[in-house]
file coords-v3.txt (compact mmCIF, C-alpha atoms)
# COMPACT_ATOMS: atom_id res chain seq x y z
CA MET A 5 55.72 103.91 133.06
CA ILE A 6 58.31 102.45 130.75
CA LEU A 7 58.97 104.29 127.56
CA THR A 8 60.12 101.86 124.95
CA ARG A 9 61.88 103.33 122.02
CA PRO A 10 61.77 101.88 118.53
CA PRO A 11 64.76 99.73 117.55
CA LEU A 12 67.78 101.59 116.28
CA LYS A 13 68.22 101.82 112.53
CA CYS A 14 71.54 101.33 110.79
CA ARG A 15 71.43 104.91 109.54
CA GLU A 16 71.10 106.11 113.14
CA LEU A 17 73.70 103.75 114.52
CA VAL A 18 76.50 105.14 112.37
CA GLU A 19 75.85 108.56 113.93
CA ILE A 20 76.24 107.39 117.53
CA VAL A 21 79.01 104.84 117.08
CA THR A 22 81.62 107.24 118.50
CA ASP A 23 79.45 107.93 121.55
CA TYR A 24 79.30 104.16 121.99
CA LEU A 25 83.05 103.60 121.59
CA GLU A 26 83.77 106.53 123.91
CA GLY A 27 81.53 105.01 126.56
CA ASP A 28 79.29 108.06 126.53
CA LEU A 29 75.92 106.42 125.88
CA SER A 30 73.42 106.07 128.69
CA ARG A 31 72.89 102.52 129.86
CA ARG A 32 69.62 102.36 128.05
CA ASP A 33 71.04 103.64 124.78
CA ARG A 34 73.97 101.31 125.12
CA ARG A 35 71.65 98.33 125.45
CA ARG A 36 69.68 99.53 122.44
CA PHE A 37 72.92 99.85 120.49
CA GLU A 38 74.14 96.40 121.47
CA ARG A 39 70.79 94.83 120.73
CA HIS A 40 71.01 96.22 117.23
CA ILE A 41 74.53 95.04 116.43
CA ALA A 42 73.77 91.59 117.86
CA GLY A 43 71.38 91.09 114.97
CA CYS A 44 73.03 93.16 112.24
CA GLU A 45 76.07 91.99 110.37
CA GLY A 46 76.53 95.27 108.50
CA CYS A 47 76.62 97.32 111.68
CA THR A 48 78.87 94.78 113.40
CA SER A 49 81.33 95.30 110.57
CA TYR A 50 80.87 99.04 110.76
CA VAL A 51 81.67 99.19 114.46
CA GLU A 52 84.69 96.94 113.91
CA GLN A 53 85.89 99.23 111.10
CA MET A 54 85.63 102.25 113.38
CA ARG A 55 87.60 100.41 116.06
CA LEU A 56 90.24 99.41 113.55
CA THR A 57 90.37 102.96 112.16
CA LYS A 58 91.18 104.21 115.64
CA ARG A 59 93.78 101.50 116.12
CA LEU A 60 95.51 102.22 112.80
CA LEU A 61 95.56 105.94 113.54
CA GLY A 62 97.49 105.13 116.69
CA ARG A 63 100.10 103.24 114.68
CA ILE A 64 101.24 106.06 112.41
CA PRO A 65 104.93 106.59 113.09
CA GLU A 66 106.09 110.12 113.84
CA ASP A 67 107.89 112.05 111.14
CA SER A 68 111.43 112.80 112.11
CA ILE A 69 112.40 116.38 112.83
CA PRO A 70 114.11 118.25 109.96
CA ALA A 71 117.87 118.62 110.56
CA GLU A 72 117.66 122.39 110.26
CA ALA A 73 114.98 122.71 112.94
CA ARG A 74 116.90 120.35 115.17
CA GLU A 75 120.06 122.44 114.89
CA ALA A 76 118.19 125.66 115.62
CA LEU A 77 116.65 124.09 118.72
CA LEU A 78 119.96 122.79 119.97
CA ASP A 79 121.42 126.29 119.62
CA ALA A 80 118.48 127.69 121.56
CA PHE A 81 118.97 125.04 124.23
CA ARG A 82 122.67 125.89 124.63
CA ASP A 83 121.84 129.59 124.92
CA TRP A 84 119.21 128.81 127.53
CA ARG A 85 121.61 126.63 129.48
CA SER A 86 124.37 129.23 129.54
CA GLU A 87 121.88 131.91 130.63
CA THR A 88 120.35 129.86 133.41
CA GLY A 89 123.76 128.57 134.41
CA MET B 28 108.78 112.53 143.33
CA ASP B 29 107.68 109.41 141.51
CA ARG B 30 110.80 107.87 139.97
CA GLY B 31 108.70 105.47 137.96
CA ASN B 32 107.31 108.34 135.88
CA PRO B 33 109.48 108.76 132.76
CA ASP B 34 108.28 112.36 132.34
CA LEU B 35 109.66 113.36 135.72
CA GLU B 36 112.94 111.63 135.13
CA LEU B 37 113.31 113.50 131.84
CA LEU B 38 112.30 116.74 133.50
CA ASP B 39 114.95 116.34 136.18
CA ARG B 40 117.62 115.84 133.56
CA LEU B 41 116.37 118.80 131.54
CA ARG B 42 116.44 121.11 134.54
CA GLY B 43 119.96 119.94 135.16
CA GLY B 44 120.88 121.14 131.67
CA ASP B 45 121.19 117.67 130.11
CA GLU B 46 121.15 118.19 126.35
CA SER B 47 120.23 114.60 125.56
CA ALA B 48 117.03 115.04 127.60
CA PHE B 49 116.07 118.00 125.43
CA VAL B 50 116.90 116.09 122.25
CA GLU B 51 114.67 113.27 123.45
CA LEU B 52 111.75 115.64 124.00
CA VAL B 53 112.27 117.36 120.68
CA GLU B 54 112.44 114.06 118.79
CA ARG B 55 109.26 112.95 120.47
CA TYR B 56 107.08 116.05 120.23
CA HIS B 57 108.37 118.40 117.56
CA SER B 58 106.54 116.85 114.60
CA PRO B 59 103.18 116.49 116.37
CA MET B 60 103.58 120.09 117.57
CA VAL B 61 104.16 121.38 114.05
CA ARG B 62 101.09 119.48 112.87
CA LEU B 63 99.02 120.90 115.70
CA ALA B 64 100.32 124.42 115.04
CA ARG B 65 99.47 124.03 111.38
CA THR B 66 95.76 123.72 112.29
CA PHE B 67 95.88 127.28 113.65
CA VAL B 68 98.15 129.07 111.19
CA PRO B 69 98.04 129.41 107.42
CA SER B 70 101.36 127.86 106.39
CA GLU B 71 103.89 125.16 107.17
CA ALA B 72 106.61 127.79 107.60
CA VAL B 73 104.64 129.72 110.21
CA ALA B 74 103.78 126.45 111.99
CA GLU B 75 107.48 125.59 112.20
CA GLU B 76 108.26 129.08 113.48
CA VAL B 77 105.53 128.95 116.13
CA THR B 78 106.78 125.55 117.28
CA GLN B 79 110.33 126.85 117.66
CA GLU B 80 108.94 129.69 119.78
CA ALA B 81 106.95 127.23 121.85
CA TRP B 82 110.12 125.26 122.63
CA LEU B 83 111.69 128.44 123.98
CA GLY B 84 108.58 128.88 126.09
CA VAL B 85 109.03 125.32 127.34
CA LEU B 86 112.64 125.94 128.33
CA ASN B 87 111.85 129.22 130.03
CA GLY B 88 108.85 127.77 131.85
CA ILE B 89 110.33 124.44 132.84
CA GLY B 90 111.15 125.71 136.33
CA ARG B 91 107.49 126.43 136.91
CA PHE B 92 106.12 123.11 135.67
CA GLU B 93 104.45 121.43 138.61
CA GLY B 94 103.41 118.15 137.12
CA ARG B 95 99.69 118.72 137.51
CA SER B 96 99.23 117.66 133.91
CA SER B 97 101.47 115.35 131.93
CA LEU B 98 104.58 116.94 130.48
CA LYS B 99 103.18 116.29 127.02
CA THR B 100 99.93 118.18 127.57
CA TRP B 101 101.82 120.97 129.29
CA ILE B 102 104.10 121.34 126.25
CA PHE B 103 101.13 121.13 123.87
CA ARG B 104 99.33 123.79 125.92
CA ILE B 105 102.23 126.22 125.40
CA LEU B 106 102.16 125.43 121.70
CA VAL B 107 98.40 125.92 121.39
CA ASN B 108 98.54 129.28 123.15
CA ARG B 109 101.23 130.56 120.78
CA ALA B 110 99.70 129.07 117.66
CA ARG B 111 96.29 130.46 118.49
CA THR B 112 97.62 133.98 119.09
CA ARG B 113 99.59 133.80 115.88
CA GLY B 114 96.61 132.38 113.99
CA VAL B 115 94.44 135.31 115.05
CA ARG B 116 97.14 137.74 113.94
CA GLU B 117 97.59 136.01 110.59
CA SER B 118 93.85 135.89 110.05
CA ARG B 119 93.97 139.56 109.12
CA THR B 120 95.33 138.40 105.83
CA VAL B 121 93.74 134.94 105.68
CA PRO B 122 90.00 134.93 106.32
CA PHE B 123 89.48 133.35 109.72
CA SER B 124 86.45 131.48 108.47
CA SER B 125 88.57 129.43 106.10
CA LEU B 126 90.63 128.24 109.05
CA GLU B 127 87.86 127.52 111.51
CA ARG B 128 84.70 126.71 109.62
CA GLU B 129 84.08 123.01 109.29
CA GLY B 130 81.68 123.35 106.44
CA ASP B 131 80.16 119.90 106.98
CA GLU B 132 77.88 120.49 109.96
CA GLY B 133 74.88 118.23 109.81
CA ARG B 134 76.19 116.13 106.98
CA PRO B 135 75.65 112.38 107.51
CA SER B 136 78.61 110.18 108.47
CA VAL B 137 77.84 107.67 105.74
CA ASP B 138 76.59 108.32 102.21
CA PRO B 139 72.76 108.21 102.51
CA GLY B 140 72.66 106.22 99.29
CA ARG B 141 73.99 103.22 101.15
CA PHE B 142 70.79 102.87 103.18
CA GLN B 143 67.34 101.72 102.18
CA ASP B 144 64.41 104.05 102.74
CA GLU B 145 63.71 102.49 106.15
CA GLY B 146 67.24 103.28 107.29
CA LEU B 147 68.71 99.78 107.06
CA TRP B 148 71.84 99.03 105.06
CA ALA B 149 71.40 98.64 101.32
CA ALA B 150 75.15 98.42 100.78
CA PRO B 151 76.57 97.24 104.13
CA PRO B 152 80.28 97.53 104.88
CA ARG B 153 82.36 94.41 104.61
CA ALA B 154 84.37 93.08 107.51
CA TRP B 155 88.07 93.93 107.37
CA GLU B 156 88.99 90.82 109.31
CA ASP B 157 90.18 89.16 106.14
CA GLN B 158 92.69 91.94 105.53
CA PRO B 159 96.21 90.78 106.30
CA GLU B 160 97.90 92.77 109.05
CA GLU B 161 100.83 93.65 106.73
CA ARG B 162 98.43 95.40 104.41
CA LEU B 163 96.72 97.30 107.20
CA LEU B 164 100.06 98.49 108.54
CA SER B 165 101.71 99.09 105.17
CA ALA B 166 103.21 102.43 104.18
CA GLU B 167 100.51 102.70 101.53
CA THR B 168 97.67 102.34 104.04
CA ARG B 169 99.38 104.89 106.25
CA ALA B 170 99.57 107.29 103.35
CA VAL B 171 95.82 106.84 102.78
CA ILE B 172 95.16 107.65 106.43
CA ARG B 173 97.50 110.63 106.41
CA GLU B 174 95.86 112.00 103.28
CA ALA B 175 92.39 111.57 104.79
CA ILE B 176 93.47 113.46 107.91
CA ASP B 177 95.01 116.26 105.86
CA ALA B 178 91.74 116.68 103.98
CA LEU B 179 89.79 117.30 107.21
CA PRO B 180 88.76 120.77 108.40
CA ALA B 181 91.30 122.14 110.91
CA SER B 182 89.07 121.71 113.97
CA GLN B 183 88.53 118.00 113.19
CA ARG B 184 92.15 117.40 112.24
CA ARG B 185 93.28 118.83 115.55
CA VAL B 186 91.02 116.56 117.58
CA ILE B 187 91.63 113.27 115.75
CA ASP B 188 95.35 113.88 115.73
CA LEU B 189 95.51 114.53 119.46
CA ARG B 190 93.09 111.76 120.41
CA ASP B 191 93.87 108.92 118.07
CA VAL B 192 97.37 109.59 116.74
CA GLU B 193 98.88 111.11 119.88
CA GLY B 194 96.75 109.15 122.32
CA LEU B 195 95.58 112.00 124.56
CA SER B 196 92.44 111.40 126.61
CA ALA B 197 89.13 113.11 125.87
CA GLU B 198 89.54 115.16 129.07
CA GLU B 199 93.01 116.31 128.05
CA VAL B 200 91.83 117.39 124.60
CA VAL B 201 88.80 119.21 126.00
CA GLU B 202 91.11 121.10 128.34
CA LEU B 203 93.81 121.78 125.80
CA LEU B 204 91.52 123.09 123.09
CA ASP B 205 88.87 124.71 125.31
CA LEU B 206 86.12 122.57 123.84
CA THR B 207 82.98 121.26 125.44
CA GLN B 208 82.84 117.49 125.86
CA VAL B 209 80.05 117.26 123.33
CA ASN B 210 81.94 119.34 120.82
CA GLN B 211 85.08 117.27 121.22
CA ARG B 212 83.10 114.10 120.59
CA VAL B 213 81.29 115.51 117.57
CA LEU B 214 84.57 116.63 115.98
CA LEU B 215 86.16 113.25 116.71
CA HIS B 216 83.16 111.47 115.27
CA ARG B 217 83.16 113.42 112.01
CA ALA B 218 86.89 112.97 111.65
CA ARG B 219 86.92 109.22 112.36
CA SER B 220 83.94 108.63 110.10
CA LYS B 221 85.78 110.23 107.21
CA VAL B 222 89.02 108.38 107.83
CA ARG B 223 87.02 105.13 108.00
CA GLN B 224 85.43 105.98 104.66
CA ALA B 225 88.84 106.64 103.10
CA LEU B 226 90.09 103.30 104.40
CA GLU B 227 87.02 101.52 103.08
CA ASP B 228 87.51 103.10 99.66
CA TYR B 229 91.09 101.90 99.67
CA LEU B 230 90.76 98.46 101.25
CA GLY B 231 87.80 97.42 99.16
CA GLY B 232 84.29 98.51 99.44
CA THR B 233 80.93 97.10 100.20
CA SER B 234 79.81 93.51 100.32
call {"tool": "encode", "arguments": {"input": "coords-v3.txt", "output": "C-alpha cells"}}
result
Amino acid sequence: MILTRPPLKCRELVEIVTDYLEGDLSRRDRRRFERHIAGCEGCTSYVEQMRLTKRLLGRIPEDSIPAEAREALLDAFRDWRSETG
Amino acid sequence: MDRGNPDLELLDRLRGGDESAFVELVERYHSPMVRLARTFVPSEAVAEEVTQEAWLGVLNGIGRFEGRSSLKTWIFRILVNRARTRGVRESRTVPFSSLEREGDEGRPSVDPGRFQDEGLWAAPPRAWEDQPEERLLSAETRAVIREAIDALPASQRRVIDLRDVEGLSAEEVVELLDLTQVNQRVLLHRARSKVRQALEDYLGGTS
C-alpha cells in the first residue's frame, strides 16, 4: 500500500527548509520538498535566501581582541610558561 | 602525528612554550569565546572574565589534550563548562528563565499574513540574485546580521553562532551544548529564519 501525501504548501515548506538544507529529511520528504520548489518561484527564492543567509553568516569577520584582554592573557601565558618550565 | 593538521602544529609549538602560538590562538578564538560565554552569563564583563579563566584552563589542560576532537571544540568545551557554571551561580540574582527561555516556541517562521488561506504565498519573497555582491558583503549588511543575531534568545544565538558563523558541524554543536539533534536543528531553524527575515527587511521586501 502506498500512502500518498498531499503536496506540500508554502506555509509548511518554510518550516522544514532547515531540515532540507541540513540533509535531515527522509528520501520521501525530500522528494516532496523538491517537487514543490520545482513548481514554486516563491519557495525557490525562499530556499535561496536561507542558503544565502547561511553563507553571509559565515562571512562575518571576527572582532579583534581588546588590547587590555590581550595583555592580561599574555601575562597569564608567561606565568604559565615559567611555572611549567 | 599528522603534520598536515594546523591544529597539531600549533599545539606542538604551544606545548613548547612558543608565545606566538598562544597569540595566534587567542586572536582566533577569544572573540567567539566571549560571545559564546555571553549567552550563559548576564553581562559582557562577566563573559570576558569567564573567557580569561577558560584560557587558563586551556593552558593548564593542554598537556592532556589528546586530539580526539578538534582543538577549537576542545577549547570551546572548556569555555562552555566555565560559562555554564558561572551562569548558574549568577542566576541567583538574574532570573534563570530570562537567560534560557526562548519565548517563541511554536511561533511560525514567516509572518502568517504573507500566506493565503490555503497556505500558498500571498506575498512571496523576491530573489536576492539581483543584489550586487558588494552590497551583500558590505559593513552595513553585516551590521544588520549582527543586530539580528543579538536580538535572538540566548539558546538560538549560541547555536547559529557556532554553526553558521564559526562553522562547527551539527555533531560538534550537539556535543558541545548537550543538545539533542532535533533540538539543535530547531534552534538553528528559528535563528536562521529570523536572520533571513532581517535581511529581507533590509535588502528589500516582497515581490
call {"tool": "interface_residues", "arguments": {"input": "coords-v3.txt", "of": "chain A", "to": "chain B", "cutoff": "10 Å", "atoms": "all atoms listed in the file", "output": "PyMOL selection string"}}
result
chain A and resi 12-23+26+28+44-70+73-74+76-78+80-82+84-86+88-89
call {"tool": "atom_distance", "arguments": {"input": "coords-v3.txt", "atom1": "CA of Arg9 in chain A", "atom2": "CA of Asp131 in chain B"}}
result
28.9 Å
call {"tool": "atom_distance", "arguments": {"input": "coords-v3.txt", "atom1": "CA of Gly84 in chain B", "atom2": "CA of Glu87 in chain A"}}
result
14.4 Å
call {"tool": "closest_residue", "arguments": {"input": "coords-v3.txt", "among": "B:Val115, B:Leu98, B:Leu63, B:Ala110", "to": "Leu37 in chain B", "atoms": "all atoms listed in the file"}}
result
B:Leu98
call {"tool": "closest_residue", "arguments": {"input": "coords-v3.txt", "among": "B:Ser70, B:Thr100, B:Gln158, B:Asn108", "to": "Tyr229 in chain B", "atoms": "only C-alpha atoms"}}
result
B:Gln158
call {"tool": "decode", "arguments": {"input": "coords-v3.txt", "residues": "range 206-227 of chain B", "atoms": "C-alpha atoms", "output": "PDB file, in the first residue's frame"}}
result
ATOM      1  CA  LEU B 206      21.539  19.187  22.920  1.00  0.00           C
ATOM      2  CA  THR B 207      19.555  16.550  21.109  1.00  0.00           C
ATOM      3  CA  GLN B 208      19.914  16.569  17.334  1.00  0.00           C
ATOM      4  CA  VAL B 209      16.315  17.648  16.944  1.00  0.00           C
ATOM      5  CA  ASN B 210      16.728  20.454  19.417  1.00  0.00           C
ATOM      6  CA  GLN B 211      19.864  21.711  17.734  1.00  0.00           C
ATOM      7  CA  ARG B 212      18.075  21.794  14.393  1.00  0.00           C
ATOM      8  CA  VAL B 213      15.009  23.537  15.787  1.00  0.00           C
ATOM      9  CA  LEU B 214      17.135  26.249  17.412  1.00  0.00           C
ATOM     10  CA  LEU B 215      19.149  26.684  14.218  1.00  0.00           C
ATOM     11  CA  HIS B 216      15.973  26.888  12.181  1.00  0.00           C
ATOM     12  CA  ARG B 217      14.369  29.561  14.349  1.00  0.00           C
ATOM     13  CA  ALA B 218      17.573  31.555  14.393  1.00  0.00           C
ATOM     14  CA  ARG B 219      18.219  31.386  10.641  1.00  0.00           C
ATOM     15  CA  SER B 220      14.599  32.179   9.850  1.00  0.00           C
ATOM     16  CA  LYS B 221      14.827  35.372  11.871  1.00  0.00           C
ATOM     17  CA  VAL B 222      18.139  36.447  10.396  1.00  0.00           C
ATOM     18  CA  ARG B 223      16.692  35.816   6.922  1.00  0.00           C
ATOM     19  CA  GLN B 224      13.718  38.000   7.807  1.00  0.00           C
ATOM     20  CA  ALA B 225      16.015  40.799   8.990  1.00  0.00           C
ATOM     21  CA  LEU B 226      17.976  40.576   5.745  1.00  0.00           C
ATOM     22  CA  GLU B 227      14.795  40.639   3.706  1.00  0.00           C
TER      23      GLU B 227
END
